[in-house]
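Q: One structure coming up, written as structure tokens, with questions to follow.
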Amino acid sequence: MQVGTSAGARVGCDIGGTFTDIVLSLPNGQLFVNKTSTTPHDLGEAIVTGLGALIKQSGIEPGDITEIVHGTTTASNTILQKVGARTGVLTTAGFRDVLEIGRIRTPTMFDLGWQKPQPLAARRYRRGINERMDARGNVVAPLNADEVLSVARDLIDEGVEALAICFLNSYINPAHELEAKALLEREFPHLLVTASCDVLPEIKEYERTSTTVVNAYILPAMRTYLRRLKDDLGRMGVKASLQVMASNGGMMGVDSASEKPVFAVASGPAGGVAGAAQIGALGDGKDLIVFDMGGTTAKASIIMGGVPSLTNEYEFRDGISAPSRFVKGGGYVLKVPAIDIAEVGAGGGSLAGIDAGGLLCVGPESAGANPGPACYGRGNERPTVTDANMALGFLNPTALAGGSLKVHPEKSQHAIAMHIGEPLGLDMLAAAHGIRHVANVSMARALRAVTVERGRDPRDMTMIAFGGGGPLHAVDVAKLLGIKRVIAPVMAGVFCSAGMLGADAEHNFVKAVLRPLANCDKETINAAIAELRMQGLSVLAQEGYSKDAVEMAVSLDLRYLGQSSELTIALRQPATSVIDDAVIIHLIEDFGDQYRQTFGYVNDEPLELVNIRLSAYGRSDQRLKFNDIRVDASALQGVSGTRQVSFERDQPPYETRLVPRSAIQDEPWHGPLIIESYDTTIVVPPGASAHADKIGNIIIDIAQEQA
């Protein structure tokens, strides 16, 4: 069936550490939302449960659903928990230690206790093969097929399940990798094989090896999960096309995700950023700080001129991840296109405690979905950020998620008093304020990482806050950075899922060149672009997109001759244009502008062309448009009345109005105010005001003196 011709229902689902969020979009623009507790033992179970509830609520049949866009944490969790496949590596003889040598960097200069992450492929499973290509792709030593099979047989006997092939200079000539891959797949059909030329045909041995090993490591887990999910959906009558959200903010078919899961490690958060870009384009603010607070982590990114900040490389690491162009060495390198996101281990389920020095700390350990915060009454007795919000009066003391999750505020109060208040000599409310403030400061660090540390002034930008806890903390976090306006978008609590429904299919391709720009033959460059275009059309055709539904964009990786890192410069013309002298002049000008903005200076050194990149987009008129949606009325309902809420430490609680989200229109409401809906709670403190725009987003203006 041709993509874009169906008028069927579409589903976006995002698995978080605490809740699994699902949005069902009907062809008439009506939306239904659901939050179901995540099921860590079987992540797909929560999707089946939540989707079943939405099918019943909306009155459709399972067969009416034609597409499911899924953000999954399977890849990232597999790395974090170190439960991936036993992975082997075949590399050129003499290069088996590339993974451990890395880039000889440490993320912190003076931390003598820092330990390098253990390679995902142990040294005993990394073997050198006697073959060699030179830097121009000429064969120096041919591949010995018998040696490849013998080494692979030994590794399989030792329990290796997945194999990464990373031969020297294969980015220029992949012949040996492709030959070895064909041999292994023929002789050992059960072995999962990943060749670096299929995943990352780029220069830099460590980055290429690391990315390929990560792909091999998570390959079995991702395939098993996606196959089981399709089977579970099939049993309930859902035969829809399954798409996976990629780290770059686009989506990829399930077949692509099953072959190259490394492109979906940062799957879930990307949907929210993609949706935020649409919200910004519809309003008057295209420069946005994205703040996404879930149950386990809080994430931040920026959108400049309506375009999300992208990177071609990031490190996946434990604990706090604040990516920087200059700080590397703390995690596993993934040289893949991704939205540049800073992340901290502070979410609604983050546990609060007292560290060895007697100081209050929050996260990164989380109570997760099970047992969850103390107020859930599932056995956890330690306080979380959610418990602090419950004790202070910000959250509904009866139930959350539209009444589906019963809560016990007295358990929150007891946990805070027992584990924080008594050890620090504080009363319960003061201790709760302390937990909330420490979490806010930690989350503000993530926002600083993507603004101040990148030369952006957050005071000139608008924050868009979503996730279950984003609107709950947004104003307090904004005040720490001097931000004057906060947007709580429509469906804020499930916004990542909604953003996925607005995303296009996207695939990225790269061709290594590595020549001085002045010496590059323009016909060769144009031929390389044409080759990448054919790859893009082929992949998208397999996913159901006609040639007319495909758009492409070309960019070039450039650097000063002799440098080891490059900047990606987009062509001003569309991908169908021909590279000529005028285009080369524009590239040189744009490189100088971006280099000056990044590093503060430029020079007159000649430029080197490293890679040619092409992004292929599959467009469809069935994508969710945020300017034309109708959220089901039940998702906008909340309690009315008043409640005592403690906004500041050492100040008496305020008698605060409780307002359903559906009641907020274009007339301003002045704080203090608690706005409730099915999916989230929006806090408007004293001195701030809130109103709704024409789309249904809640706009919160913070008083100048407070900001």
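Letters A, B, ... mark the chains of the structure tokens in the order given; residue numbers begin at 1 per chain; ligand numbers begin at 1, in order shown.
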What's the 8 Å shell around region 52-67 of chain A, counting only C-alpha atoms, without same-chain residues fewer than 5 positions away, as a PyMOL selection string?

A: chain A and resi 6+8-11+24+32-34+236-243

Q: So that I can check the secondary structure, give me every residue of region 281-471 of chain A assigned strand (DSSP E or B) by backbone DSSP, as a ChimeraX atom specification.

A: /A:288-293,298-304,307-308,310-311,314-316,321,332-334,338-339,342-344,350-354,360-366,384,399-400,405-406,462-466

Q: Identify, on the basis of only C-alpha atoms, every residue whose closest approach to Ile420 (chain A) does not exceed 10 Å; exclude the query and any residue fewer than 6 positions from it along the same chain; express the result as an mmCIF file with all heavy atoms, in the first residue's frame.

A:
```cif
data_model
loop_
_atom_site.group_PDB
_atom_site.id
_atom_site.type_symbol
_atom_site.label_atom_id
_atom_site.label_comp_id
_atom_site.auth_asym_id
_atom_site.auth_seq_id
_atom_site.Cartn_x
_atom_site.Cartn_y
_atom_site.Cartn_z
ATOM 1 N N ALA A 352 15.801 10.473 46.418
ATOM 2 C CA ALA A 352 16.527 11.460 47.221
ATOM 3 C C ALA A 352 17.154 10.765 48.420
ATOM 4 O O ALA A 352 16.598 9.804 48.970
ATOM 5 C CB ALA A 352 15.580 12.572 47.685
ATOM 6 N N GLY A 353 18.316 11.245 48.820
ATOM 7 C CA GLY A 353 18.995 10.663 49.973
ATOM 8 C C GLY A 353 20.071 11.582 50.493
ATOM 9 O O GLY A 353 20.245 12.711 50.008
ATOM 10 N N ILE A 354 20.802 11.091 51.488
ATOM 11 C CA ILE A 354 21.903 11.844 52.088
ATOM 12 C C ILE A 354 23.196 11.134 51.711
ATOM 13 O O ILE A 354 23.341 9.927 51.944
ATOM 14 C CB ILE A 354 21.773 11.916 53.626
ATOM 15 C CG1 ILE A 354 20.365 12.397 54.024
ATOM 16 C CG2 ILE A 354 22.849 12.808 54.214
ATOM 17 C CD1 ILE A 354 20.037 13.780 53.544
ATOM 18 N N LEU A 359 25.230 15.567 52.658
ATOM 19 C CA LEU A 359 24.515 16.506 51.804
ATOM 20 C C LEU A 359 23.342 15.816 51.117
ATOM 21 O O LEU A 359 23.389 14.622 50.814
ATOM 22 C CB LEU A 359 25.453 17.083 50.739
ATOM 23 C CG LEU A 359 26.640 17.893 51.252
ATOM 24 C CD1 LEU A 359 27.508 18.341 50.078
ATOM 25 C CD2 LEU A 359 26.166 19.103 52.049
ATOM 26 N N LEU A 360 22.304 16.609 50.880
ATOM 27 C CA LEU A 360 21.130 16.103 50.179
ATOM 28 C C LEU A 360 21.469 15.900 48.706
ATOM 29 O O LEU A 360 22.032 16.789 48.050
ATOM 30 C CB LEU A 360 19.972 17.102 50.319
ATOM 31 C CG LEU A 360 18.699 16.830 49.505
ATOM 32 C CD1 LEU A 360 18.077 15.508 49.905
ATOM 33 C CD2 LEU A 360 17.704 17.979 49.697
ATOM 34 N N CYS A 361 21.129 14.739 48.168
ATOM 35 C CA CYS A 361 21.355 14.462 46.749
ATOM 36 C C CYS A 361 20.090 13.843 46.160
ATOM 37 O O CYS A 361 19.306 13.204 46.863
ATOM 38 C CB CYS A 361 22.560 13.550 46.541
ATOM 39 S SG CYS A 361 22.433 11.947 47.357
ATOM 40 N N ARG A 382 11.618 4.979 50.151
ATOM 41 C CA ARG A 382 12.533 6.111 49.984
ATOM 42 C C ARG A 382 11.847 7.219 49.195
ATOM 43 O O ARG A 382 11.083 6.956 48.256
ATOM 44 C CB ARG A 382 13.801 5.654 49.278
ATOM 45 C CG ARG A 382 14.627 4.659 50.080
ATOM 46 C CD ARG A 382 15.804 4.152 49.271
ATOM 47 N NE ARG A 382 16.681 5.236 48.844
ATOM 48 C CZ ARG A 382 17.704 5.084 47.999
ATOM 49 N NH1 ARG A 382 17.948 3.877 47.486
ATOM 50 N NH2 ARG A 382 18.455 6.112 47.669
ATOM 51 N N PRO A 383 12.097 8.471 49.539
ATOM 52 C CA PRO A 383 11.405 9.578 48.861
ATOM 53 C C PRO A 383 11.966 9.844 47.472
ATOM 54 O O PRO A 383 13.161 9.652 47.208
ATOM 55 C CB PRO A 383 11.663 10.769 49.788
ATOM 56 C CG PRO A 383 12.969 10.447 50.463
ATOM 57 C CD PRO A 383 12.977 8.950 50.627
ATOM 58 N N HIS A 414 5.814 10.598 55.052
ATOM 59 C CA HIS A 414 6.581 9.759 55.970
ATOM 60 C C HIS A 414 7.984 9.494 55.422
ATOM 61 O O HIS A 414 8.986 9.568 56.162
ATOM 62 C CB HIS A 414 5.853 8.440 56.206
ATOM 63 C CG HIS A 414 6.621 7.473 57.063
ATOM 64 N ND1 HIS A 414 6.735 7.620 58.432
ATOM 65 C CD2 HIS A 414 7.336 6.356 56.732
ATOM 66 C CE1 HIS A 414 7.480 6.637 58.918
ATOM 67 N NE2 HIS A 414 7.849 5.849 57.904
ATOM 68 N N LEU A 426 15.360 18.965 59.605
ATOM 69 C CA LEU A 426 14.395 19.823 58.927
ATOM 70 C C LEU A 426 12.986 19.293 59.131
ATOM 71 O O LEU A 426 12.786 18.084 59.308
ATOM 72 C CB LEU A 426 14.685 19.861 57.416
ATOM 73 C CG LEU A 426 16.060 20.373 56.974
ATOM 74 C CD1 LEU A 426 16.220 20.162 55.470
ATOM 75 C CD2 LEU A 426 16.216 21.854 57.317
ATOM 76 N N ASP A 427 12.014 20.214 59.085
ATOM 77 C CA ASP A 427 10.646 19.721 59.088
ATOM 78 C C ASP A 427 10.321 19.153 57.713
ATOM 79 O O ASP A 427 11.069 19.324 56.748
ATOM 80 C CB ASP A 427 9.662 20.827 59.485
ATOM 81 C CG ASP A 427 9.633 21.995 58.504
ATOM 82 O OD1 ASP A 427 9.510 21.763 57.286
ATOM 83 O OD2 ASP A 427 9.750 23.150 58.959
ATOM 84 N N MET A 428 9.187 18.489 57.617
ATOM 85 C CA MET A 428 8.875 17.745 56.403
ATOM 86 C C MET A 428 8.780 18.652 55.182
ATOM 87 O O MET A 428 9.325 18.341 54.109
ATOM 88 C CB MET A 428 7.569 16.964 56.604
ATOM 89 C CG MET A 428 7.266 15.944 55.510
ATOM 90 S SD MET A 428 6.456 16.672 54.041
ATOM 91 C CE MET A 428 4.945 17.299 54.793
ATOM 92 N N ALA A 430 10.154 21.640 54.646
ATOM 93 C CA ALA A 430 11.469 22.168 54.282
ATOM 94 C C ALA A 430 12.293 21.110 53.558
ATOM 95 O O ALA A 430 13.004 21.399 52.584
ATOM 96 C CB ALA A 430 12.202 22.658 55.526
ATOM 97 N N ALA A 431 12.197 19.853 54.014
ATOM 98 C CA ALA A 431 12.922 18.774 53.358
ATOM 99 C C ALA A 431 12.387 18.544 51.943
ATOM 100 O O ALA A 431 13.161 18.305 51.005
ATOM 101 C CB ALA A 431 12.806 17.497 54.183
ATOM 102 N N ALA A 432 11.071 18.628 51.782
ATOM 103 C CA ALA A 432 10.473 18.455 50.458
ATOM 104 C C ALA A 432 10.924 19.568 49.518
ATOM 105 O O ALA A 432 11.236 19.322 48.343
ATOM 106 C CB ALA A 432 8.950 18.421 50.563
ATOM 107 N N GLY A 434 13.709 21.110 49.735
ATOM 108 C CA GLY A 434 15.102 20.827 49.430
ATOM 109 C C GLY A 434 15.244 19.831 48.296
ATOM 110 O O GLY A 434 16.070 20.005 47.392
ATOM 111 N N ILE A 435 14.428 18.764 48.328
ATOM 112 C CA ILE A 435 14.468 17.761 47.249
ATOM 113 C C ILE A 435 14.121 18.410 45.916
ATOM 114 O O ILE A 435 14.815 18.216 44.904
ATOM 115 C CB ILE A 435 13.494 16.608 47.558
ATOM 116 C CG1 ILE A 435 13.947 15.846 48.802
ATOM 117 C CG2 ILE A 435 13.373 15.671 46.363
ATOM 118 C CD1 ILE A 435 12.938 14.822 49.293
#
```

Q: Which value, in Å to one decimal, gives the distance between CA of Leu405 (chain A) and CA of Cys375 (chain A)?

A: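 CA of Cys375 (chain A) lies 10.2 Å from CA of Leu405 (chain A).
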
Q: Grab the CA of Ser677 (chain A) to CA of Ala635 (chain A) distance for me, in Å with one decimal place.

A: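 Separation between CA of Ser677 (chain A) and CA of Ala635 (chain A): 6.1 Å.
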
Q: Using DSSP on the backbone coordinates, identify all residues within region 169-289 of chain A classified as helix (DSSP H, G or I); present the result as a PyMOL selection string.

A: chain A and resi 175-187+196-199+205-235+254-259+261-264+267-282

Q: So what do you get for CA of Arg613 (chain A) versus CA of Ser555 (chain A), distance-wise?

A: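 Interatomic distance, CA of Arg613 (chain A) to CA of Ser555 (chain A): 5.2 Å.
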
Q: List as a VMD selection string the protein and nucleic acid residues near Ser37 (chain A), meaning an atom at most 9 Å away when only C-alpha atoms are counted, but skip any in the same chain fewer than 4 places from it.

A: chain A and resid 16 to 21 46 369 to 370 405

Q: With all heavy atoms retained, export the selected residues as a compact mmCIF listing (two decimals), in the first residue's frame.

A:
```txt
# COMPACT_ATOMS: atom_id res chain seq x y z
N GLY A 16 8.94 5.12 28.59
CA GLY A 16 9.78 5.81 29.54
C GLY A 16 10.13 4.92 30.71
O GLY A 16 9.67 3.77 30.82
N GLY A 17 10.95 5.44 31.60
CA GLY A 17 11.35 4.65 32.76
C GLY A 17 10.22 4.39 33.73
O GLY A 17 10.25 3.41 34.48
N THR A 18 9.21 5.27 33.73
CA THR A 18 8.09 5.13 34.66
C THR A 18 6.78 4.85 33.93
O THR A 18 6.04 3.94 34.30
CB THR A 18 7.94 6.41 35.50
OG1 THR A 18 9.18 6.65 36.19
CG2 THR A 18 6.84 6.24 36.53
N PHE A 19 6.49 5.63 32.88
CA PHE A 19 5.25 5.47 32.14
C PHE A 19 5.54 5.18 30.67
O PHE A 19 6.54 5.63 30.11
CB PHE A 19 4.37 6.72 32.23
CG PHE A 19 3.66 6.89 33.54
CD1 PHE A 19 4.14 7.78 34.49
CD2 PHE A 19 2.52 6.16 33.84
CE1 PHE A 19 3.49 7.94 35.69
CE2 PHE A 19 1.87 6.31 35.04
CZ PHE A 19 2.35 7.20 35.98
N THR A 20 4.63 4.45 30.05
CA THR A 20 4.60 4.28 28.61
C THR A 20 3.47 5.14 28.07
O THR A 20 2.31 4.97 28.47
CB THR A 20 4.39 2.81 28.22
OG1 THR A 20 5.53 2.05 28.63
CG2 THR A 20 4.19 2.65 26.73
N ASP A 21 3.81 6.08 27.20
CA ASP A 21 2.85 7.06 26.68
C ASP A 21 2.42 6.68 25.27
O ASP A 21 3.25 6.36 24.42
CB ASP A 21 3.47 8.46 26.64
CG ASP A 21 3.97 8.90 28.01
OD1 ASP A 21 3.41 8.44 29.02
OD2 ASP A 21 4.91 9.71 28.06
N ALA A 46 3.26 -3.12 28.15
CA ALA A 46 2.60 -1.84 28.44
C ALA A 46 2.00 -1.24 27.17
O ALA A 46 0.93 -0.61 27.21
CB ALA A 46 3.59 -0.87 29.08
N ALA A 369 9.21 2.43 37.37
CA ALA A 369 7.78 2.18 37.37
C ALA A 369 7.38 1.23 38.47
O ALA A 369 6.25 1.26 38.97
CB ALA A 369 7.36 1.62 36.01
N ASN A 370 8.29 0.35 38.84
CA ASN A 370 8.01 -0.64 39.87
C ASN A 370 9.23 -0.78 40.77
O ASN A 370 10.29 -1.18 40.30
CB ASN A 370 7.66 -1.98 39.23
CG ASN A 370 7.13 -3.00 40.22
OD1 ASN A 370 6.75 -2.63 41.33
ND2 ASN A 370 7.10 -4.26 39.80
N LEU A 405 -4.25 5.90 38.56
CA LEU A 405 -3.17 5.51 39.47
C LEU A 405 -3.44 6.11 40.85
O LEU A 405 -3.26 7.31 41.06
CB LEU A 405 -1.83 6.00 38.93
CG LEU A 405 -0.59 5.70 39.78
CD1 LEU A 405 -0.41 4.19 39.93
CD2 LEU A 405 0.65 6.33 39.16
```

Q: Name the closest residue to Ile68 (chain A) among the candidates A:Lys230, A:His507, A:Arg103, A:Lys484; distances are taken between atoms, counting only C-alpha atoms.

A: A:Lys230

Q: Using only C-alpha atoms, can you tell me which of A:Gly469, A:Val684, A:Tyr332, A:Asp621 comes closest to Asn389 (chain A)?

A: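 Of the candidates, the smallest distance to Asn389 (chain A) is held by A:Gly469.
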
Q: Measuring between only C-alpha atoms, which one of A:Ala164, A:Leu149, A:Leu51, A:Ala478 shows the shortest distance to Thr91 (chain A)?

A: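 For Thr91 (chain A), the nearest of the given residues is A:Ala164.
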
Q: Within 9 Å of Asn173 (chain A), counting only C-alpha atoms, which residues qualify if same-chain residues fewer than 4 places away don't, as a compact mmCIF listing (two decimals) with C-alpha atoms, in the first residue's frame?

A:
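Writing the result to selection.txt gives the following:
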```
# COMPACT_ATOMS: atom_id res chain seq x y z
CA MET A 133 44.15 -1.90 2.42
CA ARG A 136 43.84 5.01 -1.05
CA GLY A 137 41.96 1.71 -1.02
CA ASN A 138 44.60 -0.35 -2.79
CA VAL A 139 45.06 -3.95 -1.67
CA ASN A 169 40.65 1.80 5.60
CA GLU A 177 34.74 -6.44 4.76
CA CYS A 197 31.11 -0.27 5.84
```

Q: At a cut-off of 7 Å, using only C-alpha atoms, what residues contact region 579-594 of chain A? Leave out same-chain residues fewer than 6 positions from it and give the result as a list in words.

A: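 Skipping anything fewer than 6 positions along the chain leaves Lys522, Asn526, Ile569 and Val602 of chain A.
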
Q: Which residues come within 8 Å of Val214 (chain A), counting only C-alpha atoms, excluding same-chain residues fewer than 6 positions away, as a VMD selection string?

A: chain A and resid 120 262 332 334

Q: Restricting the calculation to only C-alpha atoms, which member of A:Ile156, A:Ala346, A:Leu624, A:Leu636 is positioned closest to Leu501 (chain A)?

A: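 For Leu501 (chain A), the nearest of the candidates is A:Leu624.
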
Q: Which residue, A:Val333, A:Ala549, A:Leu480, A:Val407, has the smallest gap to Ser442 (chain A) when you use only C-alpha atoms?

A: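 Closest residue, counting only C-alpha atoms: A:Leu480.
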